[in-house]
Each structure stands twice: as structure tokens, then as C-alpha cells.
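Q: A single structure is presented below for examination.
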Amino acid sequence: MERVVVVGAGLAGLRTVVGLREQGYAGELTLLGAESRGPYDRPPLSKAILAGKSDDSALPFDPDKLRVDFRPGVRATRLRGGVVETAGPGDASGPDLDFDGLVLATGAEPVVLPGEGARYLRTHDDAHALRAALRPGGTVVIVGAGWIGAEVATAARALGCRVTVVEQAPTPVAHALPPEVGRHLAPWYAEAGADLLLDHRVASVGPDAVEFADGTTLHADVVLVGVGVRPATGWLAGSGLELDRGVVVGADLAAGRPGVYAVGDVAARWSPRYRTRVRGEHWDDALRAPAVAVANLLGGAQTYDPVPYVWSEQFGRMVQYAGLPAAGLPTGPAAGAPRAEPDLPGTRLVWRGDPAAEGRWSVFWLDQAARVVAVLAVDQPRDFVAGRRIAESGAAVDPGLLADPAVSVRTSVAGSAG
């Protein structure tokens, strides 16, 4: 292998370049980045940068040391056989890049709602522009009560803004959490002085107003949309690669053509663990997947199949979440759960602590064999770390012990000596 092209200069692209050199690749290496700046971390955009605690999240990157031809401001426009077509600033046609190894790390793009002028938060420039617009006493409407919406609401309230969060689902984080879990996040908004409007469907958005499906309008100084992302695969249409909510790859991250791999937000990977296709969309995937893709590109046979992981800082709480709840098998109610609630199909819930009464709590999803398929922890890092390790191991737990906050999570593993 003599020429490798990496498309996308975010964390996944950078880790791919670093991994290639660390794993002994000595050939030509080109990194394309659609933005004009070097690689940077995205999680701080909605956290430290938006809150004014930091101005930059640049990642350590030395193109000369890595012997990489880094091309900022250059994006891939088409994949044709063994060639990547490119465009530079102003959509000026760029050079065609031949390759015998290709890693796709183009990430994702925000889901855009009807209307023009609303803000979206995805890039470094987006974060700084939004921070400049958040002024004490100003009114802010955030469409979407997911991870990003809550984090932006947190920062806006800390800066003295009047905040309203609009969500079409009946509970926050509905894309990831079932209602019986998500409903416990709703009170946090009022506690922080923010309004939360649930079951509100948005028809269109503008720079200073949100129009609802019922014809009413909510005005604001700033409107931000945070209703999810889609993988950046538009340029791959007609490439011959299989596209289905991302670039379809196996557990080896191979994209179905010799020498082509996909990592990070753009990859829709097969998970033997969960027997379904998974799109990570989170920092942990961008960090860990490239090493596997690189190893396989260089002739290895590794599998990438972790328990998905995400964290969120919102309203003074650390929320950590790992797993895929819907992967469990049909089963009955959770043993040891403090209250009877409908379970997500295929799993049972085991609670540690009462979210309605305590600030610190966690909940575990168990499958029919009492294995942990997911865990959510609120200000309970020990519960989370142990739960994630158990989920990774595939070990079964004792639901009764797991439900007892006085017993450590790791002690709940069936057959554990404590």
C-alpha cells in the first residue's frame, strides 16, 4: 500500500492518521479537512467554549511530524473508483486524489428544519457565534431537548439568558431514553429556571421565532435547533458503497470495497454484540474505532464492537450513558425495582436510588439472561464505570443485589466473591 487518503479532519480523521503512523505505515498520506482549521474536539463546543470557560479545543497535531499532506478547506465531492474528487474554497475544483487505501471520517451534519436563519451548533465557528449572541436578559429558544439542547440550555442559563426548550416528544432525550427514564430529566429544566415545552411540534424556524404546527409562534432573540444529526454521505452517492443512515460497514469497519473503511459518525457498523447495526455518533467512537480500521487496512483482522458510550453535562449534573437498551430479549418486570413501570420492549429496568427523591441515581437495562445491555448514571460515576465494564464483559448480574444502593455494582455480578 502506497497512498492512503483520509477524508475528514475531526477526531476520527486525526486518530486514523496517527494510527497509520503508529502501526508502521510509511507511504503517502493525505488528510482532507472541509474546515479551514486543524483538527479539534467537538464536545467542548456545547460545554466549555459555549460557557466562556475556553476559547479553543484544538487537538495536538503536527503534520510534519506525522508526514501527512494536510489540506484544510478542501472537501471531497465524489468517490469514483480509486479516485477522490475534491473542491477547495468557493467550490473551486480541486485535484483528483488517487488512493489504494481510503478511510472515510466525514462525520455528520445537523438535521435542518424548515425555515431560514436559525442557528445550529456543529463547528468551532458555530460555537463562538452562538456564545456572542447569548447575552444576559436575552431570550433563547432551543428546539430539541436532547443532549445538545440540554447543554446549550445549561450554558445559556448560566449566562443569564431566559431560556425555553421545545421538544416534540413527551420526555427529554427521547431518541435514546424511554419515557419512564427520560421523564426524570424533565424537572431539571424548571429547577434551572428554564421553560420546557413538551409535545410541541415545530413547523418552521427563523432567526427570531419558532412557528408551531398549531399555527402559534414563539419569538426570541436567538433560535437554536438541536434535533439530531445525519451522516455526511451526500458526496458518496453513486460511489457503489452501500449507504443506509451512514456508510454500511461490518464489525471490521470495512465498507465493502477493498481498501475502503469508515469510522466515527459516518459509519453504520454491524455489531455482533447487539445483533444489529449501530451508528455511534459520539466522541468515544471517533477516538477508538480508527485503530481497528487502520489495523485492518494494513492487513489485520480485528473487530470493533464496543458498548456505545456518551456523556452530557447539564444543569450541574454529570449524565453518563452506555449501551443499547433495545437489544435485550423479552422478559418480565425488573426484580428489585422500587416501582412498577412499563419497560422498554426487550429489557427490564433495575433502579439504584429513586430519581424522584434523590439527586444521584442510576438505572440498568437487563436482558432475559440478566446481562447488562445499558446503563444510565446521574452523578454516580462508580455505578457507571462498573456497569459499563459489566456490559462489556457480558456477565450476568443478580438483579436484587444490583438494585441495592448499599451494595457495589461490581458485587452484583453473578458468582462474584465481592
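Ordered as shown in the C-alpha cells, chains take letters A, B, and onward, while each chain numbers its residues from 1 and ligands are numbered from 1 in the order shown.
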In segment 188-389 of chain A, what's strand (DSSP E) per DSSP? Answer as a ChimeraX atom specification?
A: /A:195-197,202-205,209-212,217-219,222-225,229-231,247-249,260-262,267-271,276-278,309-314,317-323,348-352,361-366,372-378
Q: Would you kindly return, as a VMD selection string, each protein, DNA or RNA residue with an atom no farther than 8 Å from any atom of segment 64-66 of chain A, considering only C-alpha atoms and excluding same-chain residues fewer than 3 positions away?
A: chain A and resid 17 to 18 21
Q: Could you dump the residues just selected with N, CA, C and O atoms as a CSV table (one decimal), in the first residue's frame?
A:
chain,number,residue,atom,x,y,z
A,17,VAL,N,-4.9,9.1,11.1
A,17,VAL,CA,-3.6,9.4,10.6
A,17,VAL,C,-2.5,9.0,11.7
A,17,VAL,O,-1.5,8.4,11.3
A,18,VAL,N,-2.8,9.3,12.9
A,18,VAL,CA,-1.9,8.9,14.0
A,18,VAL,C,-1.7,7.4,14.0
A,18,VAL,O,-0.6,6.9,14.1
A,21,ARG,N,0.6,5.9,11.2
A,21,ARG,CA,2.0,6.0,11.5
A,21,ARG,C,2.4,5.2,12.7
A,21,ARG,O,3.5,4.5,12.6
Q: Could you give me, as JSON lines, every segment 218-337 of chain A residue with an atom at most 12 Å from segment 77-83 of chain A, plus its closest atom pair and distance in Å to one decimal, counting only C-alpha atoms, rows ordered by chain then number?
A:
{"residue": "A:Ala232", "atom": "CA", "partner": "A:Thr77", "partner_atom": "CA", "distance": 11.2}
{"residue": "A:Thr233", "atom": "CA", "partner": "A:Arg78", "partner_atom": "CA", "distance": 10.0}
{"residue": "A:Gly234", "atom": "CA", "partner": "A:Thr77", "partner_atom": "CA", "distance": 8.5}
{"residue": "A:Trp235", "atom": "CA", "partner": "A:Thr77", "partner_atom": "CA", "distance": 5.1}
{"residue": "A:Leu236", "atom": "CA", "partner": "A:Arg78", "partner_atom": "CA", "distance": 5.9}
{"residue": "A:Ala237", "atom": "CA", "partner": "A:Arg78", "partner_atom": "CA", "distance": 7.8}
{"residue": "A:Gly238", "atom": "CA", "partner": "A:Leu79", "partner_atom": "CA", "distance": 8.0}
{"residue": "A:Ser239", "atom": "CA", "partner": "A:Leu79", "partner_atom": "CA", "distance": 5.4}
{"residue": "A:Gly240", "atom": "CA", "partner": "A:Gly81", "partner_atom": "CA", "distance": 8.6}
{"residue": "A:Leu241", "atom": "CA", "partner": "A:Leu79", "partner_atom": "CA", "distance": 9.3}
{"residue": "A:Arg257", "atom": "CA", "partner": "A:Gly81", "partner_atom": "CA", "distance": 9.8}
{"residue": "A:Pro258", "atom": "CA", "partner": "A:Gly82", "partner_atom": "CA", "distance": 10.0}
{"residue": "A:Gly259", "atom": "CA", "partner": "A:Gly82", "partner_atom": "CA", "distance": 9.5}
{"residue": "A:Val260", "atom": "CA", "partner": "A:Gly82", "partner_atom": "CA", "distance": 9.6}
Q: Filtering to N, CA, C and O atoms, could you give me those residues as a PDB file, in the first residue's frame?
A:
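Result file again_10.pdb:
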ATOM      1  N   ALA A 232     -22.660  12.503   7.021  1.00  0.00           N
ATOM      2  CA  ALA A 232     -22.307  13.298   5.842  1.00  0.00           C
ATOM      3  C   ALA A 232     -21.900  12.368   4.701  1.00  0.00           C
ATOM      4  O   ALA A 232     -20.711  12.129   4.453  1.00  0.00           O
ATOM      5  N   THR A 233     -22.902  11.840   3.998  1.00  0.00           N
ATOM      6  CA  THR A 233     -22.653  10.869   2.938  1.00  0.00           C
ATOM      7  C   THR A 233     -23.103  11.352   1.560  1.00  0.00           C
ATOM      8  O   THR A 233     -23.016  10.597   0.591  1.00  0.00           O
ATOM      9  N   GLY A 234     -23.592  12.590   1.455  1.00  0.00           N
ATOM     10  CA  GLY A 234     -24.116  13.070   0.182  1.00  0.00           C
ATOM     11  C   GLY A 234     -23.125  12.933  -0.961  1.00  0.00           C
ATOM     12  O   GLY A 234     -23.504  12.594  -2.093  1.00  0.00           O
ATOM     13  N   TRP A 235     -21.860  13.179  -0.691  1.00  0.00           N
ATOM     14  CA  TRP A 235     -20.839  13.129  -1.732  1.00  0.00           C
ATOM     15  C   TRP A 235     -20.547  11.707  -2.206  1.00  0.00           C
ATOM     16  O   TRP A 235     -19.896  11.504  -3.238  1.00  0.00           O
ATOM     17  N   LEU A 236     -21.075  10.710  -1.490  1.00  0.00           N
ATOM     18  CA  LEU A 236     -20.820   9.311  -1.841  1.00  0.00           C
ATOM     19  C   LEU A 236     -21.911   8.699  -2.717  1.00  0.00           C
ATOM     20  O   LEU A 236     -21.838   7.518  -3.064  1.00  0.00           O
ATOM     21  N   ALA A 237     -22.934   9.482  -3.050  1.00  0.00           N
ATOM     22  CA  ALA A 237     -23.984   8.976  -3.936  1.00  0.00           C
ATOM     23  C   ALA A 237     -23.368   8.531  -5.266  1.00  0.00           C
ATOM     24  O   ALA A 237     -22.549   9.237  -5.857  1.00  0.00           O
ATOM     25  N   GLY A 238     -23.745   7.345  -5.711  1.00  0.00           N
ATOM     26  CA  GLY A 238     -23.215   6.821  -6.959  1.00  0.00           C
ATOM     27  C   GLY A 238     -21.834   6.220  -6.855  1.00  0.00           C
ATOM     28  O   GLY A 238     -21.247   5.817  -7.873  1.00  0.00           O
ATOM     29  N   SER A 239     -21.301   6.121  -5.630  1.00  0.00           N
ATOM     30  CA  SER A 239     -19.944   5.590  -5.445  1.00  0.00           C
ATOM     31  C   SER A 239     -19.884   4.069  -5.494  1.00  0.00           C
ATOM     32  O   SER A 239     -18.801   3.494  -5.628  1.00  0.00           O
ATOM     33  N   GLY A 240     -21.036   3.431  -5.347  1.00  0.00           N
ATOM     34  CA  GLY A 240     -21.050   1.978  -5.260  1.00  0.00           C
ATOM     35  C   GLY A 240     -21.005   1.461  -3.836  1.00  0.00           C
ATOM     36  O   GLY A 240     -21.225   0.269  -3.599  1.00  0.00           O
ATOM     37  N   LEU A 241     -20.744   2.337  -2.872  1.00  0.00           N
ATOM     38  CA  LEU A 241     -20.785   1.933  -1.476  1.00  0.00           C
ATOM     39  C   LEU A 241     -22.236   1.829  -1.011  1.00  0.00           C
ATOM     40  O   LEU A 241     -23.103   2.584  -1.472  1.00  0.00           O
ATOM     41  N   ARG A 257     -15.665  -2.508  -0.164  1.00  0.00           N
ATOM     42  CA  ARG A 257     -14.732  -2.404  -1.283  1.00  0.00           C
ATOM     43  C   ARG A 257     -13.328  -2.534  -0.752  1.00  0.00           C
ATOM     44  O   ARG A 257     -13.020  -1.989   0.321  1.00  0.00           O
ATOM     45  N   PRO A 258     -12.450  -3.244  -1.439  1.00  0.00           N
ATOM     46  CA  PRO A 258     -11.086  -3.425  -0.941  1.00  0.00           C
ATOM     47  C   PRO A 258     -10.418  -2.094  -0.613  1.00  0.00           C
ATOM     48  O   PRO A 258     -10.439  -1.161  -1.428  1.00  0.00           O
ATOM     49  N   GLY A 259      -9.875  -2.003   0.587  1.00  0.00           N
ATOM     50  CA  GLY A 259      -9.111  -0.822   0.971  1.00  0.00           C
ATOM     51  C   GLY A 259      -9.923   0.360   1.418  1.00  0.00           C
ATOM     52  O   GLY A 259      -9.355   1.430   1.671  1.00  0.00           O
ATOM     53  N   VAL A 260     -11.257   0.215   1.572  1.00  0.00           N
ATOM     54  CA  VAL A 260     -12.105   1.336   1.978  1.00  0.00           C
ATOM     55  C   VAL A 260     -12.743   1.036   3.331  1.00  0.00           C
ATOM     56  O   VAL A 260     -13.389  -0.005   3.501  1.00  0.00           O
TER      57      VAL A 260
END
Q: Quick one, how far is atom CA of Ala48 of chain A from atom CA of Arg360 of chain A?
A: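 Rounded to one decimal, the two atoms are 23.1 Å apart.
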Q: Which residues come within 12 Å of Leu45 of chain A, counting only C-alpha atoms, excluding same-chain residues fewer than 6 positions away, as a list of chain:residue names?
A: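 The residues satisfying every condition are A:Ala51, A:Gly52, A:Lys53, A:Ser54, A:Asp55, A:Asp56, A:Ser57, A:Ala58, A:Tyr120, A:Leu121, A:Arg122, A:Thr123, A:His124, A:Asp125, A:Asp126, A:Ala127, A:His128, A:Ala129, A:Leu130, A:Arg131, A:Ile148, A:Glu151, A:Val152, A:Ala155.
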Q: Using only C-alpha atoms, tabulate the residues of segment 19-108 of chain A lying at most 12 Å from any atom of segment 290-302 of chain A, each with its closest atom pair and that distance in Å to one decimal, by chain and increasing residue number, as CSV.
A:
residue,atom,partner,partner_atom,distance
A:Gly19,CA,A:Ala291,CA,5.6
A:Leu20,CA,A:Val294,CA,5.9
A:Arg21,CA,A:Val294,CA,9.5
A:Glu22,CA,A:Ala291,CA,9.4
A:Gln23,CA,A:Ala295,CA,7.2
A:Gly24,CA,A:Leu298,CA,8.9
A:Tyr25,CA,A:Leu298,CA,7.7
A:Ala26,CA,A:Leu298,CA,11.1
A:Gly27,CA,A:Leu298,CA,11.5
A:Asp100,CA,A:Leu297,CA,9.9
A:Gly101,CA,A:Leu297,CA,7.1
A:Leu102,CA,A:Leu297,CA,8.6
A:Val103,CA,A:Ala293,CA,7.9
A:Leu104,CA,A:Pro290,CA,10.1
A:Ala105,CA,A:Pro290,CA,9.1
Q: Near Val202 of chain A, counting only C-alpha atoms, which residues have an atom at most 8 Å away, once you skip same-chain residues fewer than 5 positions from it, shown as a list in words?
A: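 The residues that qualify are Gln168, Val210, Glu211, Phe212 and Ala213 of chain A.
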Q: If you keep N, CA and C atoms, can you produce a file of those selected residues as a PDB file, in the first residue's frame?
A:
ATOM      1  N   GLN A 168     -40.725  17.894  20.690  1.00  0.00           N
ATOM      2  CA  GLN A 168     -41.951  17.298  20.170  1.00  0.00           C
ATOM      3  C   GLN A 168     -42.321  16.003  20.890  1.00  0.00           C
ATOM      4  N   VAL A 210     -40.055  30.791  16.361  1.00  0.00           N
ATOM      5  CA  VAL A 210     -40.389  29.403  16.058  1.00  0.00           C
ATOM      6  C   VAL A 210     -41.885  29.330  15.832  1.00  0.00           C
ATOM      7  N   GLU A 211     -42.280  28.774  14.709  1.00  0.00           N
ATOM      8  CA  GLU A 211     -43.707  28.596  14.429  1.00  0.00           C
ATOM      9  C   GLU A 211     -44.090  27.144  14.668  1.00  0.00           C
ATOM     10  N   PHE A 212     -45.141  26.939  15.453  1.00  0.00           N
ATOM     11  CA  PHE A 212     -45.574  25.592  15.777  1.00  0.00           C
ATOM     12  C   PHE A 212     -46.594  25.085  14.767  1.00  0.00           C
ATOM     13  N   ALA A 213     -46.798  23.767  14.805  1.00  0.00           N
ATOM     14  CA  ALA A 213     -47.726  23.141  13.868  1.00  0.00           C
ATOM     15  C   ALA A 213     -49.155  23.626  14.065  1.00  0.00           C
TER      16      ALA A 213
END
Q: For the helix (DSSP H, G or I) assignment from backbone DSSP, which residues of segment 28-231 of chain A qualify? Please present them as a VMD selection string.
A: chain A and resid 43 to 46 63 to 66 89 to 91 124 to 133 147 to 158 179 to 185 187 to 191
Q: Would you list the contacts of segment 363-371 of chain A as an MDAnalysis selection string, taking every protein, DNA or RNA residue within 6 Å and counting only C-alpha atoms, but skipping same-chain residues closer than 3 positions in sequence?
A: chainID A and resid 328:329 331 347:352 374:376 395:397
Q: Figure out the distance between atom CA of Leu177 of chain A and atom CA of Val143 of chain A, please, to one decimal in Å.
A: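 Value for the atom CA of Val143 of chain A-atom CA of Leu177 of chain A distance: 17.8 Å.
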Q: Show me, as a Markdown table, the residues of segment 276-382 of chain A having an atom within 12 Å of segment 179-198 of chain A, each with the closest atom pair and its distance in Å, using only C-alpha atoms.
A:
| residue | atom | partner | partner_atom | distance |
| --- | --- | --- | --- | --- |
| A:Gln314 | CA | A:Trp188 | CA | 8.6 |
| A:Phe315 | CA | A:Ala192 | CA | 6.4 |
| A:Gly316 | CA | A:Ala192 | CA | 9.0 |
| A:Arg317 | CA | A:Trp188 | CA | 9.4 |
| A:Met318 | CA | A:Leu185 | CA | 11.9 |
| A:Val319 | CA | A:Leu185 | CA | 10.0 |
| A:Tyr321 | CA | A:Val181 | CA | 11.8 |
| A:Pro325 | CA | A:Val181 | CA | 11.7 |
| A:Arg339 | CA | A:Glu180 | CA | 10.9 |
| A:Ala340 | CA | A:Glu180 | CA | 10.2 |
| A:Glu341 | CA | A:Glu180 | CA | 6.9 |
| A:Pro342 | CA | A:Glu180 | CA | 7.2 |
| A:Asp343 | CA | A:Glu180 | CA | 7.7 |
| A:Leu344 | CA | A:Glu180 | CA | 8.6 |
| A:Arg348 | CA | A:Glu180 | CA | 11.6 |
| A:Leu349 | CA | A:Val181 | CA | 9.4 |
| A:Val350 | CA | A:Val181 | CA | 11.1 |
| A:Trp351 | CA | A:Val181 | CA | 9.9 |
| A:Asp354 | CA | A:His184 | CA | 9.7 |
| A:Pro355 | CA | A:His184 | CA | 6.3 |
| A:Ala356 | CA | A:His184 | CA | 7.0 |
| A:Ala357 | CA | A:His184 | CA | 10.3 |
| A:Glu358 | CA | A:His184 | CA | 10.7 |
| A:Gly359 | CA | A:Trp188 | CA | 10.2 |
| A:Arg360 | CA | A:His184 | CA | 11.6 |
| A:Trp361 | CA | A:His184 | CA | 10.4 |
| A:Ser362 | CA | A:Val181 | CA | 9.9 |
| A:Val363 | CA | A:Val181 | CA | 8.2 |
| A:Phe364 | CA | A:Val181 | CA | 10.4 |
| A:Trp365 | CA | A:Val181 | CA | 10.7 |
| A:Val375 | CA | A:Val181 | CA | 11.0 |
| A:Leu376 | CA | A:Val181 | CA | 9.0 |
| A:Ala377 | CA | A:Val181 | CA | 11.0 |
| A:Val378 | CA | A:Leu185 | CA | 9.8 |
Q: Show me, as a ChimeraX atom specification, the residues that have an atom within 8 Å of Val249 of chain A when counting only C-alpha atoms, minus same-chain residues fewer than 3 positions from it.
A: /A:252-256,261-262,267-270
Q: Atom CA of Leu59 of chain A to atom CA of Leu11 of chain A: how many Å, to one decimal?
A: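 Interatomic distance, atom CA of Leu59 of chain A to atom CA of Leu11 of chain A: 7.9 Å.
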